[in-house]
$ cat data-v7.txt   # compact mmCIF, C-alpha atoms
# COMPACT_ATOMS: atom_id res chain seq x y z
CA MET A 1240 -19.79 10.75 -43.41
CA PRO A 1241 -16.34 10.76 -45.04
CA ILE A 1242 -14.97 7.50 -46.40
CA TYR A 1243 -12.01 7.44 -43.98
CA MET A 1244 -14.43 7.58 -41.01
CA LYS A 1245 -16.36 4.59 -42.36
CA CYS A 1246 -13.11 2.69 -42.86
CA LEU A 1247 -12.01 3.59 -39.34
CA LEU A 1248 -15.30 2.39 -37.86
CA ILE A 1249 -15.13 -0.87 -39.79
CA CYS A 1250 -11.54 -1.47 -38.67
CA ALA A 1251 -12.45 -0.72 -35.05
CA GLY A 1252 -15.40 -3.11 -35.23
CA VAL A 1253 -13.26 -5.89 -36.66
CA ALA A 1254 -10.54 -5.32 -34.05
CA LEU A 1255 -13.03 -5.40 -31.18
CA SER A 1256 -14.70 -8.56 -32.46
CA LEU A 1257 -11.34 -10.31 -32.78
CA LEU A 1258 -10.26 -9.24 -29.30
CA SER A 1259 -13.44 -10.57 -27.73
CA GLY A 1260 -12.26 -14.11 -28.51
CA CYS A 1261 -9.29 -13.62 -26.18
CA GLY A 1262 -11.52 -13.64 -23.13
CA VAL A 1263 -13.28 -16.93 -23.77
CA ILE A 1264 -13.49 -19.07 -20.64
CA SER A 1265 -13.24 -22.78 -21.29
CA ASN A 1266 -13.25 -25.83 -19.05
CA GLN A 1267 -9.54 -26.21 -19.70
CA SER A 1268 -8.70 -22.66 -18.64
CA VAL A 1269 -10.69 -23.02 -15.41
CA TYR A 1270 -9.00 -26.34 -14.60
CA GLU A 1271 -5.53 -24.96 -15.30
CA GLY A 1272 -6.30 -21.90 -13.17
CA ILE A 1273 -7.29 -24.07 -10.21
CA ARG A 1274 -4.22 -26.24 -10.76
CA GLY A 1275 -1.93 -23.20 -10.79
CA ASN A 1276 -3.62 -21.75 -7.72
CA ASP A 1277 -3.05 -24.99 -5.79
CA LYS A 1278 0.63 -24.94 -6.73
CA ALA A 1279 0.96 -21.30 -5.68
CA LYS A 1280 -0.63 -21.91 -2.27
CA THR A 1281 2.17 -24.25 -1.21
CA THR A 1282 5.05 -22.19 -2.57
CA GLY A 1283 7.59 -21.55 0.16
CA THR A 1284 6.18 -24.15 2.55
CA THR A 1285 7.24 -27.67 3.37
CA GLN A 1286 3.86 -29.03 2.29
CA LYS A 1287 3.72 -31.01 -0.91
CA PRO A 1288 0.60 -30.28 -2.97
CA ASN A 1289 -1.47 -33.13 -4.30
CA ALA A 1290 -0.15 -33.11 -7.83
CA MET A 1291 -3.04 -32.48 -10.17
CA PRO A 1292 -2.52 -33.90 -13.67
CA ASN A 1293 -2.64 -31.66 -16.70
CA TYR A 1294 -5.99 -31.15 -18.40
CA ASP A 1295 -5.47 -33.77 -21.11
CA SER A 1296 -4.71 -36.50 -18.55
CA TYR A 1297 -7.67 -35.36 -16.48
CA GLU A 1298 -10.03 -35.63 -19.47
CA LYS A 1299 -8.74 -39.10 -20.38
CA GLU A 1300 -9.32 -40.27 -16.81
CA ARG A 1301 -12.86 -38.85 -16.84
CA GLU A 1302 -13.66 -40.61 -20.12
CA VAL A 1303 -12.50 -43.94 -18.71
CA LEU A 1304 -14.64 -43.46 -15.59
CA LYS A 1305 -17.72 -42.59 -17.67
CA LYS A 1306 -17.63 -45.93 -19.46

$ encode --input "data-v7.txt" --output "structure tokens"
Amino acid sequence: MPIYMKCLLICAGVALSLLSGCGVISNQSVYEGIRGNDKAKTTGTTQKPNAMPNYDSYEKEREVLKK
């Protein structure tokens, strides 16, 4: 196998492994997705959504309740 093919395969492997980190699902991303979905549901209506706090405030509130 020529050296440029090996280099190409190594570069492709590194690129794919770095891109896989972009799809990581965390608790914060799920919470923010639900929060955004709730906001979008009431867009254009007269209903006011129950304002969900951002994730940091939510986590602080959970920590206080755990104690």

$ atom_distance --input "data-v7.txt" --atom1 "atom CA of Arg1274 of chain A" --atom2 "atom CA of Asn1293 of chain A"
8.2 Å

$ closest_residue --input "data-v7.txt" --among "A:Ile1273, A:Leu1258, A:Ile1242, A:Ala1251" --to "Ala1290 of chain A" --atoms "all atoms listed in the file"
A:Ile1273

$ atom_distance --input "data-v7.txt" --atom1 "atom CA of Ile1249 of chain A" --atom2 "atom CA of Cys1261 of chain A"
19.5 Å

$ atom_distance --input "data-v7.txt" --atom1 "atom CA of Gly1262 of chain A" --atom2 "atom CA of Lys1245 of chain A"
26.9 Å

$ axis_aligned_box --input "data-v7.txt" --around "segment 1287-1302 of chain A" --padding-each-side "4 Å" --output "JSON"
{"center_x": -5.0, "center_y": -35.4, "center_z": -11.0, "size_x": 25.4, "size_y": 18.3, "size_z": 28.2}

$ closest_residue --input "data-v7.txt" --among "A:Tyr1270, A:Lys1280, A:Gly1275, A:Gly1252" --to "Tyr1294 of chain A" --atoms "all atoms listed in the file"
A:Tyr1270

$ closest_residue --input "data-v7.txt" --among "A:Leu1257, A:Met1291, A:Glu1298, A:Asn1266" --to "Lys1278 of chain A" --atoms "all atoms listed in the file"
A:Met1291

$ build_atoms --input "data-v7.txt" --residues "segment 1270-1296 of chain A" --atoms "N, CA, C and O atoms" --output "short mmCIF file (atom, residue, chain, number, x, y, z; two decimals), in the frame of the given file"
data_model
loop_
_atom_site.label_atom_id
_atom_site.label_comp_id
_atom_site.auth_asym_id
_atom_site.auth_seq_id
_atom_site.Cartn_x
_atom_site.Cartn_y
_atom_site.Cartn_z
N TYR A 1270 -9.75 -25.26 -15.23
CA TYR A 1270 -9.00 -26.34 -14.60
C TYR A 1270 -7.54 -25.93 -14.39
O TYR A 1270 -6.98 -26.12 -13.31
N GLU A 1271 -6.93 -25.36 -15.42
CA GLU A 1271 -5.53 -24.96 -15.30
C GLU A 1271 -5.36 -23.83 -14.29
O GLU A 1271 -4.35 -23.75 -13.60
N GLY A 1272 -6.35 -22.96 -14.17
CA GLY A 1272 -6.30 -21.90 -13.17
C GLY A 1272 -6.34 -22.45 -11.76
O GLY A 1272 -5.59 -22.02 -10.88
N ILE A 1273 -7.20 -23.42 -11.53
CA ILE A 1273 -7.29 -24.07 -10.21
C ILE A 1273 -5.99 -24.81 -9.92
O ILE A 1273 -5.46 -24.76 -8.81
N ARG A 1274 -5.47 -25.50 -10.92
CA ARG A 1274 -4.22 -26.24 -10.76
C ARG A 1274 -3.06 -25.29 -10.40
O ARG A 1274 -2.27 -25.57 -9.50
N GLY A 1275 -2.97 -24.18 -11.08
CA GLY A 1275 -1.93 -23.20 -10.79
C GLY A 1275 -2.09 -22.57 -9.42
O GLY A 1275 -1.11 -22.31 -8.72
N ASN A 1276 -3.34 -22.32 -9.03
CA ASN A 1276 -3.62 -21.75 -7.72
C ASN A 1276 -3.20 -22.71 -6.61
O ASN A 1276 -2.63 -22.29 -5.60
N ASP A 1277 -3.46 -24.00 -6.78
CA ASP A 1277 -3.05 -24.99 -5.79
C ASP A 1277 -1.54 -25.04 -5.65
O ASP A 1277 -1.01 -25.17 -4.55
N LYS A 1278 -0.84 -24.94 -6.77
CA LYS A 1278 0.63 -24.94 -6.73
C LYS A 1278 1.14 -23.69 -6.01
O LYS A 1278 2.08 -23.75 -5.23
N ALA A 1279 0.51 -22.56 -6.26
CA ALA A 1279 0.96 -21.30 -5.68
C ALA A 1279 0.72 -21.25 -4.16
O ALA A 1279 1.49 -20.63 -3.44
N LYS A 1280 -0.32 -21.91 -3.70
CA LYS A 1280 -0.63 -21.91 -2.27
C LYS A 1280 0.47 -22.55 -1.44
O LYS A 1280 0.67 -22.16 -0.30
N THR A 1281 1.15 -23.54 -1.98
CA THR A 1281 2.17 -24.25 -1.21
C THR A 1281 3.58 -23.77 -1.50
O THR A 1281 4.54 -24.34 -0.98
N THR A 1282 3.72 -22.72 -2.28
CA THR A 1282 5.05 -22.19 -2.57
C THR A 1282 5.67 -21.63 -1.30
O THR A 1282 5.05 -20.86 -0.57
N GLY A 1283 6.89 -22.04 -1.01
CA GLY A 1283 7.59 -21.55 0.16
C GLY A 1283 7.28 -22.30 1.44
O GLY A 1283 7.74 -21.92 2.50
N THR A 1284 6.49 -23.35 1.37
CA THR A 1284 6.18 -24.15 2.55
C THR A 1284 6.78 -25.54 2.38
O THR A 1284 7.25 -25.91 1.32
N THR A 1285 6.73 -26.30 3.44
CA THR A 1285 7.24 -27.67 3.37
C THR A 1285 6.18 -28.65 2.91
O THR A 1285 6.46 -29.81 2.69
N GLN A 1286 4.93 -28.16 2.75
CA GLN A 1286 3.86 -29.03 2.29
C GLN A 1286 4.05 -29.38 0.82
O GLN A 1286 4.45 -28.54 0.02
N LYS A 1287 3.73 -30.59 0.49
CA LYS A 1287 3.72 -31.01 -0.91
C LYS A 1287 2.27 -30.99 -1.39
O LYS A 1287 1.42 -31.60 -0.76
N PRO A 1288 1.99 -30.29 -2.47
CA PRO A 1288 0.60 -30.28 -2.97
C PRO A 1288 0.25 -31.62 -3.61
O PRO A 1288 1.12 -32.35 -4.08
N ASN A 1289 -1.03 -31.96 -3.55
CA ASN A 1289 -1.47 -33.13 -4.30
C ASN A 1289 -1.33 -32.77 -5.77
O ASN A 1289 -1.99 -31.85 -6.24
N ALA A 1290 -0.45 -33.46 -6.44
CA ALA A 1290 -0.15 -33.11 -7.83
C ALA A 1290 -1.37 -33.39 -8.71
O ALA A 1290 -1.80 -34.53 -8.85
N MET A 1291 -1.92 -32.34 -9.25
CA MET A 1291 -3.04 -32.48 -10.17
C MET A 1291 -2.46 -32.72 -11.56
O MET A 1291 -1.50 -32.07 -11.95
N PRO A 1292 -3.03 -33.66 -12.31
CA PRO A 1292 -2.52 -33.90 -13.67
C PRO A 1292 -2.89 -32.75 -14.59
O PRO A 1292 -3.74 -31.93 -14.26
N ASN A 1293 -2.25 -32.70 -15.75
CA ASN A 1293 -2.64 -31.66 -16.70
C ASN A 1293 -4.03 -31.96 -17.25
O ASN A 1293 -4.59 -33.02 -17.00
N TYR A 1294 -4.60 -31.03 -17.98
CA TYR A 1294 -5.99 -31.15 -18.40
C TYR A 1294 -6.23 -32.35 -19.31
O TYR A 1294 -7.25 -33.02 -19.19
N ASP A 1295 -5.29 -32.64 -20.19
CA ASP A 1295 -5.47 -33.77 -21.11
C ASP A 1295 -5.56 -35.09 -20.35
O ASP A 1295 -6.40 -35.94 -20.64
N SER A 1296 -4.68 -35.28 -19.36
CA SER A 1296 -4.71 -36.50 -18.55
C SER A 1296 -6.01 -36.57 -17.74
O SER A 1296 -6.61 -37.63 -17.60
#
